[in-house]
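Note sheet for the following structure.
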Amino acid sequence: MSAIPPDEMLVVEAVRKSFGGTQVLRDISFSVRRGEVFGIIGPSGSGKSTLLRCITQLERVSGGKIRVCGETMVSDAPDGTARYAPPAALRRMGLKIGLVFQNFNLFPHFSVLRNLTEAQIHVLKRPKDEATERALGLLKRMGLESKAGAYPCQLSGGQQQRVGIARALALQPEVLCFDEPTSALDPELTGEVLKVIRDLAERKMTMVVVTHEMDFARELADRILFMDGGVVVESGTADEVISRPKHSRTQSFLGRLRR
Amino acid sequence: MQFWPMVGGLAKGLGTTTSIFCLTLLFSLPLGLLVALGRMSKFGALRQAMRLYISVMRGTPLMLQLFFFYFGPYYIFNLNLGKLGFWGLDYRFVAVVLGFSLNYAAYFAEIYRAGIESIPVGQREAGKILGFSRAQTFFRIVLPQVVKRILPPVTNEVITLVKDTSLAFALSVMEMFTIAKMEAAAHTTMVPFMVAGLFYYVFNFAVAAAMEWFEKRLDYYA
């Protein structure tokens with residue numbers, strides 16, 4: 001086993017995933033370093049959301065290896081199946097990785113504040129005062145301090161997504177994943193969410209962002225992975241992949257977006 | 001026939017009716033949730049068993065089920081339960097509450113199932129991502145939302161239950177309808193039925209009002 005530098009927050013090696021007989025991820029490998037913004041782009045159905053769901057344990061991989069902050073989440077068993085760490089370790093690693101959903105998935109029956117405190121209190125066992133204080137601090141950062149008592153249905157899509165981000169941050173994950181965080185939003189509301197992500201990048205939050213916003217990816221991502229048909233077609237710095245793509249599939253994908 | 005003593009008798013019967021009603025809800029609401037969870041279990045045998053249970057409870061008359069629970073112990077096992085040992089309970093009453101509870105649990109189970117399945121899977125995924133256990137996710141996130149959604153169909157069942165308690169007359173339990181029938185036969189008059197009907201209506205009016213109040217209380221989110 002090779003030693004992994006301590007700043008490798010997430011290491012994905014030859015990850016495979018099949019649904020029934022359909023292979024949706026084939027030998028995906030990449031790693032994310034501390035403080036880095038890692039973009040994943042690609043057409044619909046390319047497997048990028050599935051990849052994110054595997055990293056966040058919403059799906060189980062069929063094979064390959066994933067390491068989270070130096071700890072092995074899953075590796076190949078000798079018989080070729082995926083061998084997952086024990087439940088307690090998986091839970092611990094799960095809490096190190098946050099996820100912001102495309103359609104927010106806020107809890108509609110809780111106030112904004114309680115959306116942010118519920119897991120702190122009942123999962124991390126933080127005292128209520130401390131959880132509330134942290135939640136209010138995050139809401140302030142999101143420009144939503146006046147919405148603490150509101151319910152999700154009273155907020156705009158952009159506000160809801162900012163609450164989604166704050167909810168994930170409340171548990172202080174080491175890595176924050178975004179699954180197309182602006183795809184459900186109007187162009188006008190997209191900006192306010194991207195601004196929050198930009199702010200997180202400035203604070204050196206480690207992030208994995210699946211996105212369709214190419215300008216945003218180019219501006220913010222340190223490195224980019226372009227996926228198509230369940231494989232990594234091309235990866236490199238944002239500039240390399242988006243501005244000077246080498247592969248014809250990347251070129252045609254980006255070309256279609258520009259048109 | 002003297003009017004007020006008759007009303008007094010019916011009111012006494014209404015007490016028994018209310019007991020059947022409350023005890024049935026007390027047992028069938030939680031039992032229905034367990035049946036619903038079994039019906040959605042990943043264990044095939046449990047799922048099939050709950051399907052069969054619901055199918056039988058819905059597919060046979062409630063009155064027949066009451067007879068089954070009342071006469072079954074004697075006919076099948078030769079057990080005479082007459083007066084049960086605890087609290088001197090009449091077994092007739094026990095059989096009625098048992099029959100009603102098991103029957104209503106089947107209906108409630110399907111209502112719960114519809115409610116649970118209507119909650120977007122993203123809610124459960126968000127719970128998992130935030131580190132909630134399966135039980136925490138269910139009780140803190142899913143179930144409260146289910147309750148709001150299933151209130152209208154549950155209200156239907158609860159109102160039907162108020163009226164169904166009159167089936168207890170088949171086992172001669174002295175609830176309101178049994179008494180109304182006796183009074184009517186003894187005095188050859190329709191008045192007891194009319195008074196009983198009024199009582200049932202008022203009872204259900206109160207039930208509907210209470211459920212509506214409860215629904216309004218949950219109106220704070222969409």
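If you're wondering about the labels, chains in the structure tokens are A, B, ... by order shown, residues count from 1 in each chain, ligands from 1 in order shown.
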Exercise answer, chain B residues close to chain A, 7 Å and only C-alpha atoms, as a list in words: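 Putting it all together, I get Gly122, Gln123, Glu125, Ala126, Ile129, Leu130, Gly131, Phe132, Ile141, Gln145, Tyr221 and Ala222 of chain B.
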Residues of the last selection are to be written out with C-alpha atoms, as a PDB file, in the first residue's frame.
```pdb
ATOM      1  CA  GLY B 122     -34.472  12.984  -1.798  1.00  0.00           C
ATOM      2  CA  GLN B 123     -35.727  13.521   1.742  1.00  0.00           C
ATOM      3  CA  GLU B 125     -31.122  10.802   0.891  1.00  0.00           C
ATOM      4  CA  ALA B 126     -30.686  14.168   2.599  1.00  0.00           C
ATOM      5  CA  ILE B 129     -26.057  12.479   3.888  1.00  0.00           C
ATOM      6  CA  LEU B 130     -26.485  14.415   7.134  1.00  0.00           C
ATOM      7  CA  GLY B 131     -25.642  11.283   9.101  1.00  0.00           C
ATOM      8  CA  PHE B 132     -29.078  10.448  10.471  1.00  0.00           C
ATOM      9  CA  ILE B 141     -37.980  13.541   8.592  1.00  0.00           C
ATOM     10  CA  GLN B 145     -44.471  14.780   6.554  1.00  0.00           C
ATOM     11  CA  TYR B 221     -45.584  24.462   5.490  1.00  0.00           C
ATOM     12  CA  ALA B 222     -46.473  23.393   1.970  1.00  0.00           C
TER      13      ALA B 222
END
```
Gly255 in chain A: which residues within 12 Å, counting only C-alpha atoms, same-chain residues fewer than 5 positions away excluded, as a PyMOL selection string? chain A and resi 43+214+242-245+248-250
Need to verify the contact set: range 60-75 of chain B, 6 Å, only C-alpha atoms, exclusion of same-chain residues closer than 5 positions in sequence. Can you return it as a ChimeraX atom specification? /B:80,95-96,99
Ile224 in chain A: which residues within 7 Å, counting only C-alpha atoms, same-chain residues fewer than 2 positions away excluded, as a list in words?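 Returned residues: Phe38, Gly39, Ile40, Ala221, Asp222, Phe226, Ser235, Gly236, Thr237, Ala238 and Val241 of chain A.
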Contacts of Val154 in chain B at 10 Å (only C-alpha atoms; same-chain gap of 4+ positions) as JSON, numbers by chain: {"B": [29, 107, 108, 111, 112, 147, 149, 150, 158, 159, 160, 211]}
Mind the document's chain letters and residue numbers, and return as JSON, numbers by chain the residues of range 33-169 of chain B that DSSP labels alpha helix (DSSP H). {"B": [33, 34, 35, 36, 37, 38, 39, 44, 45, 46, 47, 48, 49, 50, 51, 52, 53, 54, 55, 56, 57, 58, 59, 62, 63, 64, 65, 66, 67, 68, 69, 70, 71, 72, 73, 74, 75, 76, 77, 91, 92, 93, 94, 95, 96, 97, 98, 99, 100, 101, 102, 103, 104, 105, 106, 107, 108, 109, 110, 111, 112, 113, 114, 115, 116, 117, 118, 121, 122, 123, 124, 125, 126, 127, 128, 129, 134, 135, 136, 143, 144, 145, 146, 147, 148, 149, 150, 151, 152, 153, 154, 155, 156, 157, 158, 159, 160, 161, 162, 163, 164]}
Can you pull out the residues contacting Glu13 in chain A? Cut-off 9 Å, using only C-alpha atoms, and skip same-chain residues under 5 positions away; I want them as a VMD selection string. chain A and resid 27 to 31 64 to 67 75
Within 7 Å of range 167-173 of chain B, counting only C-alpha atoms, which residues show up once you throw out same-chain ones fewer than 3 positions away? Write them as a list in words, please. Met63, Arg92, Phe93, Val96, Asp164, Phe177 and Thr178 of chain B
With C-alpha atoms retained, write the just-selected residues as a PDB file, in the first residue's frame.
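Full text of result-v3.pdb as output:
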```pdb
ATOM      1  CA  MET B  63     -69.132  -8.417  11.298  1.00  0.00           C
ATOM      2  CA  ARG B  92     -67.631  -9.582  24.190  1.00  0.00           C
ATOM      3  CA  PHE B  93     -66.107  -6.170  24.576  1.00  0.00           C
ATOM      4  CA  VAL B  96     -65.101  -6.196  19.575  1.00  0.00           C
ATOM      5  CA  ASP B 164     -68.985   1.004  12.457  1.00  0.00           C
ATOM      6  CA  PHE B 177     -76.918   1.190  18.755  1.00  0.00           C
ATOM      7  CA  THR B 178     -77.652  -2.015  20.698  1.00  0.00           C
TER       8      THR B 178
END
```
